[in-house]
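One file, data12.txt, is given below (compact mmCIF, C-alpha atoms).
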# COMPACT_ATOMS: atom_id res chain seq x y z
CA MET A 1 2.59 4.78 52.65
CA ASP A 2 4.36 1.76 54.05
CA THR A 3 3.12 -1.80 53.65
CA SER A 4 2.25 -1.94 57.35
CA VAL A 5 -0.41 0.75 56.89
CA TRP A 6 -1.79 -0.82 53.71
CA ILE A 7 -2.14 -4.24 55.35
CA GLU A 8 -4.09 -2.77 58.23
CA TYR A 9 -6.17 -0.75 55.75
CA PHE A 10 -7.07 -3.76 53.61
CA ASN A 11 -7.84 -5.77 56.76
CA GLY A 12 -10.38 -3.14 57.80
CA GLN A 13 -8.47 -1.95 60.86
CA GLU A 14 -9.22 1.59 61.90
CA ASN A 15 -6.47 3.66 63.49
CA LYS A 16 -4.75 7.01 62.99
CA GLU A 17 -2.61 5.72 60.10
CA THR A 18 -5.38 3.91 58.21
CA ASN A 19 -7.65 6.91 58.62
CA THR A 20 -4.90 9.14 57.21
CA LEU A 21 -4.54 6.78 54.25
CA ASP A 22 -8.29 6.62 53.69
CA ASN A 23 -8.57 10.42 53.77
CA ALA A 24 -5.61 10.82 51.39
CA LEU A 25 -6.96 8.43 48.75
CA GLY A 26 -8.74 10.54 46.16
CA ASN A 27 -7.83 13.80 47.89
CA GLU A 28 -4.04 13.90 47.82
CA VAL A 29 -1.15 12.45 45.90
CA VAL A 30 -0.49 8.99 47.32
CA ALA A 31 2.64 7.18 46.23
CA ILE A 32 4.21 3.83 46.96
CA GLY A 33 7.31 2.02 45.84
CA ASP A 34 7.35 -1.08 43.68
CA LEU A 35 8.65 -3.05 46.65
CA ILE A 36 5.68 -1.96 48.74
CA ALA A 37 3.30 -3.00 45.95
CA LEU A 38 4.96 -6.42 45.93
CA GLU A 39 4.66 -6.81 49.69
CA ILE A 40 1.00 -5.81 49.63
CA LEU A 41 -0.07 -7.94 46.67
CA GLN A 42 1.72 -11.12 47.71
CA GLY A 43 -0.35 -11.22 50.89
CA PHE A 44 -3.76 -11.70 49.29
CA ARG A 45 -5.19 -15.21 49.31
CA ARG A 46 -8.39 -14.59 47.36
CA ASP A 47 -8.10 -13.67 43.68
CA LYS A 48 -10.93 -11.14 43.93
CA ASP A 49 -9.19 -9.27 46.76
CA TYR A 50 -5.89 -9.41 44.87
CA GLU A 51 -7.47 -7.93 41.73
CA THR A 52 -9.22 -5.17 43.71
CA ALA A 53 -5.99 -4.23 45.47
CA LYS A 54 -3.99 -4.37 42.23
CA GLU A 55 -6.45 -2.01 40.56
CA LEU A 56 -6.24 0.44 43.46
CA LEU A 57 -2.45 0.32 43.61
CA ASN A 58 -2.16 0.82 39.85
CA SER A 59 -4.04 4.10 40.25
CA LEU A 60 -1.26 5.45 42.48
CA ILE A 61 2.16 6.81 41.66
CA ILE A 62 4.54 3.85 41.90
CA TYR A 63 8.28 4.47 42.14
CA ASP A 64 11.11 2.10 41.22
CA MET A 65 13.00 1.94 44.50
CA LEU A 66 16.31 0.20 43.91
CA GLY A 67 19.35 0.53 41.70
CA ILE A 68 23.07 0.31 42.42
CA GLN A 69 23.35 3.76 44.01
CA ALA A 70 20.28 3.13 46.15
CA SER A 71 21.70 -0.28 47.11
CA ILE A 72 24.88 1.35 48.35
CA SER A 73 22.91 3.97 50.30
CA CYS A 74 20.81 1.21 51.87
CA ALA A 75 23.92 -0.70 52.92
CA GLU A 76 25.42 2.47 54.40
CA ASN A 77 22.26 3.25 56.37
CA TYR A 78 22.00 -0.32 57.62
CA ARG A 79 25.65 -0.31 58.72
CA PHE A 80 25.25 3.10 60.38
CA LEU A 81 22.37 1.80 62.49
CA ARG A 82 24.21 -1.47 63.28
CA LYS A 83 27.11 0.56 64.64
CA LYS A 84 24.60 2.17 66.99
CA GLY A 85 23.50 -1.27 68.13
CA ILE A 86 20.28 -1.26 66.09
CA THR A 87 19.48 -4.16 63.79
CA ILE A 88 16.73 -3.61 61.25
CA ARG A 89 14.95 -6.94 60.81
CA LYS A 90 13.86 -6.63 57.17
CA THR A 91 15.92 -5.50 54.21
CA ALA A 92 12.71 -4.20 52.62
CA ASP A 93 12.35 -1.69 55.46
CA VAL A 94 15.90 -0.45 54.86
CA ILE A 95 15.12 0.03 51.17
CA ILE A 96 11.82 1.82 51.82
CA ALA A 97 13.27 4.14 54.48
CA THR A 98 16.38 4.95 52.46
CA PHE A 99 14.32 5.69 49.35
CA CYS A 100 12.09 8.09 51.29
CA ILE A 101 15.07 9.80 52.92
CA ALA A 102 16.82 10.23 49.55
CA HIS A 103 13.72 11.75 47.95
CA ASN A 104 12.64 13.73 51.01
CA PHE A 105 9.30 11.87 51.07
CA PRO A 106 7.48 11.47 54.37
CA LEU A 107 6.58 7.87 55.18
CA LEU A 108 3.39 6.88 56.97
CA PHE A 109 4.07 3.67 58.90
CA THR A 110 3.08 1.57 61.88
CA ASP A 111 6.16 -0.69 61.78
CA LYS A 112 8.48 0.30 64.64
CA ASP A 113 11.56 -0.66 62.59
CA PHE A 114 11.28 2.73 60.90
CA LEU A 115 11.75 4.68 64.14
CA PRO A 116 15.59 4.52 64.09
CA PHE A 117 15.51 5.98 60.58
CA VAL A 118 13.44 8.87 61.93
CA LYS A 119 15.66 9.36 64.97
CA TYR A 120 19.10 9.01 63.36
CA LEU A 121 18.78 9.40 59.58
CA GLY A 122 16.15 12.06 59.01
CA LEU A 123 13.22 9.98 57.78
CA LYS A 124 10.12 12.13 57.94
CA SER A 125 6.84 10.86 59.29
CA PRO A 126 3.70 12.86 58.45

So that I can check it, write out the structure of this file as structure tokens.
Amino acid sequence: MDTSVWIEYFNGQENKETNTLDNALGNEVVAIGDLIALEILQGFRRDKDYETAKELLNSLIIYDMLGIQASISCAENYRFLRKKGITIRKTADVIIATFCIAHNFPLLFTDKDFLPFVKYLGLKSP
């Protein structure tokens, strides 16, 4: 589950992706990366909301997403897309997509920056 879905979920937005997330919580294995947890948690202004979100996220499987090999793979994927004329705006999105590709994990997202990873690099979307 990408940060984009979680933000919409915590903001009470209802759409296909947030409904999928809501249905998965408690019924399926839901996993996030440590980078996604960071992106989610840093966005809360109120301490109470932060603590609630932190408790929920700590109940999930949380993967460490980056190391030297992953860094190299991220750079290679970024460069591959740049050669196709596609610039991914956020390094975090490159890390998240590359991690999911490497582990064959589908990624639920609303952020359009992931679409080139689906089209050209085999990122799976549920």

Padding 6 Å on each side, edges along x, y and z: where is the centre of the box around the listed atoms of region 102-107 of chain A, and how long are its edges in Å to one decimal? Output it as lines of an AutoDock Vina configuration file.
center_x = 11.7
center_y = 10.8
center_z = 51.6
size_x = 22.2
size_y = 17.9
size_z = 19.2

Just give me the gap between CA of Cys100 (chain A) and CA of Ile7 (chain A) in Å, one decimal is fine.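 Calculated distance between CA of Cys100 (chain A) and CA of Ile7 (chain A) is 19.3 Å.
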
Grab the CA of Asn11 (chain A) to CA of Asp93 (chain A) distance for me, in Å with one decimal place.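 A separation of 20.6 Å between them.
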
Residue contacts of Asn27 (chain A) (12 Å, only C-alpha atoms) excluding same-chain residues fewer than 6 positions away, as a PyMOL selection string: chain A and resi 20-21+60

Which is closer to Val94 (chain A) than all the others in A:Lys16, A:Lys124, A:Lys54, A:Arg79, using all atoms listed in the file?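 Once distances to Val94 (chain A) are computed over all atoms listed in the file, the minimum belongs to A:Arg79.
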
Kindly indicate which residue among A:Pro116, A:Pro126, A:Gly33, A:Gly26 lies nearest to Ala92 (chain A), using all atoms listed in the file for the distances.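 Of the candidates, the smallest distance to Ala92 (chain A) is held by A:Gly33.
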